[in-house]
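File shown: upload-v2.txt (compact mmCIF, N, CA and C atoms and all ligand atoms).
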```txt
# COMPACT_ATOMS: atom_id res chain seq x y z
N MET K 1 -13.76 -7.45 9.44
CA MET K 1 -12.97 -6.73 8.44
C MET K 1 -12.46 -7.70 7.36
N THR K 2 -12.00 -8.84 7.80
CA THR K 2 -11.53 -9.81 6.81
C THR K 2 -12.58 -10.89 6.62
N ASP K 3 -12.86 -11.22 5.39
CA ASP K 3 -13.64 -12.42 5.17
C ASP K 3 -12.92 -13.24 4.12
N ASN K 4 -13.31 -14.48 4.03
CA ASN K 4 -12.56 -15.38 3.16
C ASN K 4 -13.06 -15.39 1.72
N GLU K 5 -14.11 -14.61 1.47
CA GLU K 5 -14.61 -14.57 0.11
C GLU K 5 -13.81 -13.58 -0.71
N THR K 6 -13.51 -13.97 -1.91
CA THR K 6 -12.79 -13.07 -2.80
C THR K 6 -13.80 -12.10 -3.41
N GLU K 7 -13.57 -10.83 -3.17
CA GLU K 7 -14.45 -9.81 -3.73
C GLU K 7 -14.10 -9.60 -5.19
N PRO K 8 -15.03 -9.85 -6.08
CA PRO K 8 -14.73 -9.70 -7.51
C PRO K 8 -14.49 -8.25 -7.91
N THR K 9 -14.98 -7.32 -7.09
CA THR K 9 -14.83 -5.91 -7.45
C THR K 9 -13.57 -5.29 -6.86
N MET K 10 -12.82 -6.08 -6.10
CA MET K 10 -11.64 -5.56 -5.43
C MET K 10 -10.60 -5.05 -6.43
N SER K 11 -10.09 -3.86 -6.17
CA SER K 11 -9.05 -3.31 -7.02
C SER K 11 -7.69 -3.61 -6.43
N ARG K 12 -6.70 -3.64 -7.30
CA ARG K 12 -5.33 -3.85 -6.86
C ARG K 12 -4.45 -2.83 -7.57
N ILE K 13 -3.67 -2.11 -6.80
CA ILE K 13 -2.75 -1.14 -7.40
C ILE K 13 -1.36 -1.41 -6.87
N ARG K 14 -0.38 -1.35 -7.76
CA ARG K 14 1.01 -1.56 -7.35
C ARG K 14 1.80 -0.28 -7.56
N TYR K 15 2.56 0.07 -6.53
CA TYR K 15 3.38 1.28 -6.59
C TYR K 15 4.84 0.90 -6.47
N ALA K 16 5.68 1.57 -7.23
CA ALA K 16 7.12 1.40 -7.10
C ALA K 16 7.62 2.39 -6.05
N VAL K 17 8.22 1.85 -4.98
CA VAL K 17 8.72 2.70 -3.90
C VAL K 17 10.19 2.29 -3.65
N PRO K 18 11.10 2.92 -4.39
CA PRO K 18 12.50 2.48 -4.40
C PRO K 18 13.21 2.53 -3.04
N ASP K 19 12.72 3.37 -2.13
CA ASP K 19 13.46 3.55 -0.88
C ASP K 19 13.12 2.56 0.23
N VAL K 20 12.13 1.69 0.02
CA VAL K 20 11.85 0.72 1.08
C VAL K 20 12.94 -0.35 1.10
N SER K 21 13.55 -0.55 2.27
CA SER K 21 14.69 -1.47 2.30
C SER K 21 14.69 -2.44 3.46
N CYS K 22 13.85 -2.24 4.45
CA CYS K 22 13.88 -3.15 5.59
C CYS K 22 12.51 -3.25 6.24
N ASP K 23 12.42 -4.04 7.29
CA ASP K 23 11.13 -4.24 7.95
C ASP K 23 10.58 -2.97 8.56
N HIS K 24 11.47 -2.08 8.96
CA HIS K 24 11.03 -0.81 9.51
C HIS K 24 10.29 -0.01 8.44
N CYS K 25 10.85 0.04 7.25
CA CYS K 25 10.20 0.74 6.14
C CYS K 25 8.85 0.10 5.86
N ARG K 26 8.87 -1.23 5.84
CA ARG K 26 7.64 -1.96 5.55
C ARG K 26 6.55 -1.60 6.56
N ALA K 27 6.92 -1.61 7.84
CA ALA K 27 5.94 -1.32 8.89
C ALA K 27 5.41 0.10 8.76
N ALA K 28 6.29 1.04 8.45
CA ALA K 28 5.87 2.44 8.34
C ALA K 28 4.89 2.63 7.19
N VAL K 29 5.19 2.01 6.05
CA VAL K 29 4.32 2.13 4.88
C VAL K 29 2.98 1.45 5.15
N VAL K 30 3.03 0.26 5.72
CA VAL K 30 1.78 -0.46 6.01
C VAL K 30 0.91 0.34 6.97
N ARG K 31 1.55 0.92 7.99
CA ARG K 31 0.79 1.67 8.98
C ARG K 31 0.05 2.85 8.35
N GLU K 32 0.75 3.61 7.52
CA GLU K 32 0.13 4.80 6.92
C GLU K 32 -0.90 4.43 5.86
N VAL K 33 -0.55 3.50 5.00
CA VAL K 33 -1.46 3.18 3.89
C VAL K 33 -2.73 2.50 4.41
N SER K 34 -2.60 1.75 5.51
CA SER K 34 -3.77 1.08 6.09
C SER K 34 -4.83 2.06 6.55
N LYS K 35 -4.41 3.29 6.82
CA LYS K 35 -5.36 4.31 7.30
C LYS K 35 -6.24 4.87 6.19
N VAL K 36 -5.84 4.65 4.93
CA VAL K 36 -6.61 5.21 3.81
C VAL K 36 -7.93 4.46 3.68
N PRO K 37 -9.04 5.19 3.65
CA PRO K 37 -10.35 4.53 3.54
C PRO K 37 -10.43 3.63 2.31
N GLY K 38 -10.98 2.45 2.48
CA GLY K 38 -11.15 1.53 1.36
C GLY K 38 -10.05 0.50 1.25
N VAL K 39 -8.88 0.80 1.85
CA VAL K 39 -7.75 -0.12 1.74
C VAL K 39 -8.00 -1.37 2.58
N GLU K 40 -7.84 -2.52 1.95
CA GLU K 40 -8.02 -3.80 2.65
C GLU K 40 -6.67 -4.42 3.03
N THR K 41 -5.78 -4.53 2.07
CA THR K 41 -4.48 -5.13 2.34
C THR K 41 -3.36 -4.27 1.77
N VAL K 42 -2.24 -4.29 2.45
CA VAL K 42 -1.04 -3.57 1.99
C VAL K 42 0.11 -4.56 2.05
N GLU K 43 0.74 -4.79 0.91
CA GLU K 43 1.87 -5.69 0.87
C GLU K 43 3.09 -4.93 0.38
N VAL K 44 4.19 -5.06 1.12
CA VAL K 44 5.43 -4.41 0.73
C VAL K 44 6.43 -5.49 0.36
N ASP K 45 6.90 -5.45 -0.88
CA ASP K 45 7.90 -6.41 -1.33
C ASP K 45 9.26 -5.71 -1.33
N LEU K 46 10.10 -6.11 -0.39
CA LEU K 46 11.38 -5.42 -0.24
C LEU K 46 12.36 -5.77 -1.36
N GLU K 47 12.13 -6.88 -2.04
CA GLU K 47 13.04 -7.26 -3.13
C GLU K 47 12.77 -6.47 -4.39
N THR K 48 11.49 -6.36 -4.72
CA THR K 48 11.15 -5.63 -5.95
C THR K 48 10.86 -4.16 -5.67
N LYS K 49 10.87 -3.77 -4.38
CA LYS K 49 10.59 -2.39 -3.97
C LYS K 49 9.23 -1.93 -4.47
N THR K 50 8.25 -2.77 -4.23
CA THR K 50 6.91 -2.39 -4.63
C THR K 50 5.95 -2.52 -3.46
N VAL K 51 4.94 -1.69 -3.51
CA VAL K 51 3.86 -1.72 -2.52
C VAL K 51 2.59 -2.07 -3.28
N THR K 52 1.95 -3.15 -2.88
CA THR K 52 0.73 -3.57 -3.55
C THR K 52 -0.44 -3.38 -2.59
N VAL K 53 -1.42 -2.64 -3.05
CA VAL K 53 -2.56 -2.30 -2.21
C VAL K 53 -3.82 -2.88 -2.85
N THR K 54 -4.65 -3.53 -2.03
CA THR K 54 -5.94 -3.97 -2.53
C THR K 54 -7.03 -3.34 -1.68
N GLY K 55 -8.20 -3.22 -2.28
CA GLY K 55 -9.34 -2.66 -1.58
C GLY K 55 -10.35 -2.14 -2.57
N GLU K 56 -11.43 -1.59 -2.03
CA GLU K 56 -12.49 -1.06 -2.89
C GLU K 56 -13.33 -0.10 -2.09
N PRO K 57 -13.44 1.14 -2.48
CA PRO K 57 -12.70 1.71 -3.62
C PRO K 57 -11.31 2.12 -3.19
N LEU K 58 -10.40 2.25 -4.13
CA LEU K 58 -9.05 2.72 -3.81
C LEU K 58 -8.87 4.13 -4.35
N ASP K 59 -8.44 5.00 -3.49
CA ASP K 59 -8.13 6.37 -3.88
C ASP K 59 -6.63 6.45 -4.13
N GLU K 60 -6.28 6.36 -5.40
CA GLU K 60 -4.87 6.27 -5.77
C GLU K 60 -4.03 7.43 -5.22
N ALA K 61 -4.58 8.63 -5.34
CA ALA K 61 -3.84 9.81 -4.90
C ALA K 61 -3.66 9.79 -3.38
N ALA K 62 -4.70 9.35 -2.65
CA ALA K 62 -4.60 9.31 -1.19
C ALA K 62 -3.54 8.30 -0.74
N ILE K 63 -3.40 7.23 -1.50
CA ILE K 63 -2.40 6.22 -1.15
C ILE K 63 -0.99 6.77 -1.38
N VAL K 64 -0.82 7.50 -2.47
CA VAL K 64 0.49 8.12 -2.73
C VAL K 64 0.84 9.08 -1.58
N VAL K 65 -0.16 9.85 -1.13
CA VAL K 65 0.05 10.78 -0.02
C VAL K 65 0.42 10.01 1.25
N ALA K 66 -0.25 8.88 1.49
CA ALA K 66 0.02 8.09 2.69
C ALA K 66 1.44 7.53 2.66
N ILE K 67 1.88 7.08 1.50
CA ILE K 67 3.25 6.57 1.37
C ILE K 67 4.23 7.71 1.64
N ASP K 68 3.88 8.88 1.13
CA ASP K 68 4.69 10.07 1.36
C ASP K 68 4.74 10.41 2.85
N ASP K 69 3.58 10.32 3.52
CA ASP K 69 3.51 10.58 4.97
C ASP K 69 4.39 9.62 5.75
N ALA K 70 4.51 8.40 5.23
CA ALA K 70 5.35 7.41 5.89
C ALA K 70 6.83 7.73 5.71
N GLY K 71 7.13 8.63 4.78
CA GLY K 71 8.50 9.06 4.57
C GLY K 71 9.14 8.51 3.30
N TYR K 72 8.30 8.00 2.41
CA TYR K 72 8.83 7.39 1.18
C TYR K 72 8.16 8.01 -0.02
N GLU K 73 8.85 7.90 -1.16
CA GLU K 73 8.34 8.51 -2.36
C GLU K 73 7.99 7.46 -3.40
N VAL K 74 6.84 7.64 -4.02
CA VAL K 74 6.43 6.73 -5.09
C VAL K 74 7.13 7.15 -6.38
N ALA K 75 7.80 6.20 -7.02
CA ALA K 75 8.49 6.50 -8.27
C ALA K 75 7.46 6.71 -9.37
N ALA K 76 7.76 7.64 -10.24
CA ALA K 76 6.84 7.96 -11.35
C ALA K 76 6.74 6.80 -12.32
CU CU K 101 14.01 0.66 6.44
```
Could you rewrite the structure in this file as structure tokens?
Amino acid sequence: MTDNETEPTMSRIRYAVPDVSCDHCRAAVVREVSKVPGVETVEVDLETKTVTVTGEPLDEAAIVVAIDDAGYEVAA
């Protein structure tokens, strides 16, 4: 699943998720978003309240739904 080569076609999308505040939130978001097909990595930054997802292809809408399933809302 992981290789050390940087995929030039890899997409990166960043979402603002204001309600993530602790490791529990981080784990919940990572768990749900990781299930979305195509997603390679999920990073949650608790300071900036952002979720950064990389992968190819990325289904933006499916990721928003996954964050929602985790119990958090993506800011517009
Ligand atoms: Cu939390």
List all protein, DNA and RNA residues that have any atom at most 12 Å from ligand CU 101 (chain K), counting only C-alpha atoms and all ligand atoms, and write the list as a PDB file with N, CA and C atoms, in the coordinates of the input.
```pdb
ATOM      1  N   VAL K  17       8.220   1.850  -4.980  1.00  0.00           N
ATOM      2  CA  VAL K  17       8.720   2.700  -3.900  1.00  0.00           C
ATOM      3  C   VAL K  17      10.190   2.290  -3.650  1.00  0.00           C
ATOM      4  N   PRO K  18      11.100   2.920  -4.390  1.00  0.00           N
ATOM      5  CA  PRO K  18      12.500   2.480  -4.400  1.00  0.00           C
ATOM      6  C   PRO K  18      13.210   2.530  -3.040  1.00  0.00           C
ATOM      7  N   ASP K  19      12.720   3.370  -2.130  1.00  0.00           N
ATOM      8  CA  ASP K  19      13.460   3.550  -0.880  1.00  0.00           C
ATOM      9  C   ASP K  19      13.120   2.560   0.230  1.00  0.00           C
ATOM     10  N   VAL K  20      12.130   1.690   0.020  1.00  0.00           N
ATOM     11  CA  VAL K  20      11.850   0.720   1.080  1.00  0.00           C
ATOM     12  C   VAL K  20      12.940  -0.350   1.100  1.00  0.00           C
ATOM     13  N   SER K  21      13.550  -0.550   2.270  1.00  0.00           N
ATOM     14  CA  SER K  21      14.690  -1.470   2.300  1.00  0.00           C
ATOM     15  C   SER K  21      14.690  -2.440   3.460  1.00  0.00           C
ATOM     16  N   CYS K  22      13.850  -2.240   4.450  1.00  0.00           N
ATOM     17  CA  CYS K  22      13.880  -3.150   5.590  1.00  0.00           C
ATOM     18  C   CYS K  22      12.510  -3.250   6.240  1.00  0.00           C
ATOM     19  N   ASP K  23      12.420  -4.040   7.290  1.00  0.00           N
ATOM     20  CA  ASP K  23      11.130  -4.240   7.950  1.00  0.00           C
ATOM     21  C   ASP K  23      10.580  -2.970   8.560  1.00  0.00           C
ATOM     22  N   HIS K  24      11.470  -2.080   8.960  1.00  0.00           N
ATOM     23  CA  HIS K  24      11.030  -0.810   9.510  1.00  0.00           C
ATOM     24  C   HIS K  24      10.290  -0.010   8.440  1.00  0.00           C
ATOM     25  N   CYS K  25      10.850   0.040   7.250  1.00  0.00           N
ATOM     26  CA  CYS K  25      10.200   0.740   6.140  1.00  0.00           C
ATOM     27  C   CYS K  25       8.850   0.100   5.860  1.00  0.00           C
ATOM     28  N   ARG K  26       8.870  -1.230   5.840  1.00  0.00           N
ATOM     29  CA  ARG K  26       7.640  -1.960   5.550  1.00  0.00           C
ATOM     30  C   ARG K  26       6.550  -1.600   6.560  1.00  0.00           C
ATOM     31  N   ALA K  27       6.920  -1.610   7.840  1.00  0.00           N
ATOM     32  CA  ALA K  27       5.940  -1.320   8.890  1.00  0.00           C
ATOM     33  C   ALA K  27       5.410   0.100   8.760  1.00  0.00           C
ATOM     34  N   ALA K  28       6.290   1.040   8.450  1.00  0.00           N
ATOM     35  CA  ALA K  28       5.870   2.440   8.340  1.00  0.00           C
ATOM     36  C   ALA K  28       4.890   2.630   7.190  1.00  0.00           C
ATOM     37  N   VAL K  29       5.190   2.010   6.050  1.00  0.00           N
ATOM     38  CA  VAL K  29       4.320   2.130   4.880  1.00  0.00           C
ATOM     39  C   VAL K  29       2.980   1.450   5.150  1.00  0.00           C
ATOM     40  N   VAL K  44       4.190  -5.060   1.120  1.00  0.00           N
ATOM     41  CA  VAL K  44       5.430  -4.410   0.730  1.00  0.00           C
ATOM     42  C   VAL K  44       6.430  -5.490   0.360  1.00  0.00           C
ATOM     43  N   LEU K  46      10.100  -6.110  -0.390  1.00  0.00           N
ATOM     44  CA  LEU K  46      11.380  -5.420  -0.240  1.00  0.00           C
ATOM     45  C   LEU K  46      12.360  -5.770  -1.360  1.00  0.00           C
ATOM     46  N   LYS K  49      10.870  -3.770  -4.380  1.00  0.00           N
ATOM     47  CA  LYS K  49      10.590  -2.390  -3.970  1.00  0.00           C
ATOM     48  C   LYS K  49       9.230  -1.930  -4.470  1.00  0.00           C
ATOM     49  N   ALA K  70       4.510   8.400   5.230  1.00  0.00           N
ATOM     50  CA  ALA K  70       5.350   7.410   5.890  1.00  0.00           C
ATOM     51  C   ALA K  70       6.830   7.730   5.710  1.00  0.00           C
ATOM     52  N   GLY K  71       7.130   8.630   4.780  1.00  0.00           N
ATOM     53  CA  GLY K  71       8.500   9.060   4.570  1.00  0.00           C
ATOM     54  C   GLY K  71       9.140   8.510   3.300  1.00  0.00           C
ATOM     55  N   TYR K  72       8.300   8.000   2.410  1.00  0.00           N
ATOM     56  CA  TYR K  72       8.830   7.390   1.180  1.00  0.00           C
ATOM     57  C   TYR K  72       8.160   8.010  -0.020  1.00  0.00           C
TER      58      TYR K  72
END
```
Requested in this report: Could you tell me which of K:Ala76, K:Ala16, K:Val33, K:Val65 comes closest to K:Thr50 if we count only C-alpha atoms?
Outcome: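 Among the listed residues, the smallest separation from K:Thr50 belongs to K:Ala16.
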Report task. Name the closest residue to K:Val30 among the candidates K:Ile67, K:Ala61, K:Met10, K:Glu73; distances are taken between atoms, counting all atoms listed in the file. Result -> K:Ile67
Report summary line: Separating atom CA of K:Val39 from atom C of K:Thr54, to the nearest tenth of an Å, is a gap of 4.8 Å
Query raised in the report: Pick the closest to K:Tyr15 from K:Ala75, K:Thr41, K:Glu32, K:Ala62: which is it, counting only C-alpha atoms?
Result: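 When distances to K:Tyr15 are compared using only C-alpha atoms, the smallest one comes from K:Ala75.
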Query raised in the report: Interatomic distance between atom CA of K:Arg12 and atom CA of K:Val42?
Result: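 Interatomic distance here is 9.8 Å.
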Query raised in the report: What are the DSSP strand (DSSP E or B) residues of stretch 7-41 of chain K, as a list in words?
Result: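 After running DSSP on the backbone, stretch 7-41 of chain K has strand (DSSP E or B) at Ser11, Arg12, Ile13, Arg14, Tyr15, Ala16, Val39, Glu40 and Thr41 of chain K.
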Query raised in the report: Taking all atoms listed in the file into account, which of K:Thr9, K:Asp68, K:Arg31, K:Val74 comes nearest K:Glu56?
Result: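 Going through K:Thr9, K:Asp68, K:Arg31, K:Val74 one by one, the smallest distance to K:Glu56 is for K:Thr9.
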Query raised in the report: What is the atom CA of K:Glu47-atom CA of K:Ser34 distance in Å, reported with one decimal?
Result: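 Going from atom CA of K:Glu47 over to atom CA of K:Ser34 covers 20.9 Å.
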Query raised in the report: If you run DSSP on this backbone, which residues of chain K come out as alpha helix (DSSP H), and could you give them as a list in words?
Result: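 So, restricting chain K to alpha helix (DSSP H), we get Asp23, His24, Cys25, Arg26, Ala27, Ala28, Val29, Val30, Arg31, Glu32, Val33, Ser34, Glu60, Ala61, Ala62, Ile63, Val64, Val65, Ala66, Ile67, Asp68 and Asp69 of chain K.
Environment of (-6.3, 4.1, 1.9): residues at most 9 Å away, judged by only C-alpha atoms, are K:Glu32, K:Val33, K:Ser34, K:Lys35, K:Val36, K:Pro37, K:Gly38, K:Val39, K:Glu40, K:Val53, K:Gly55, K:Pro57, K:Leu58, K:Asp59, K:Glu60, K:Ala62, K:Ile63, K:Ala66.
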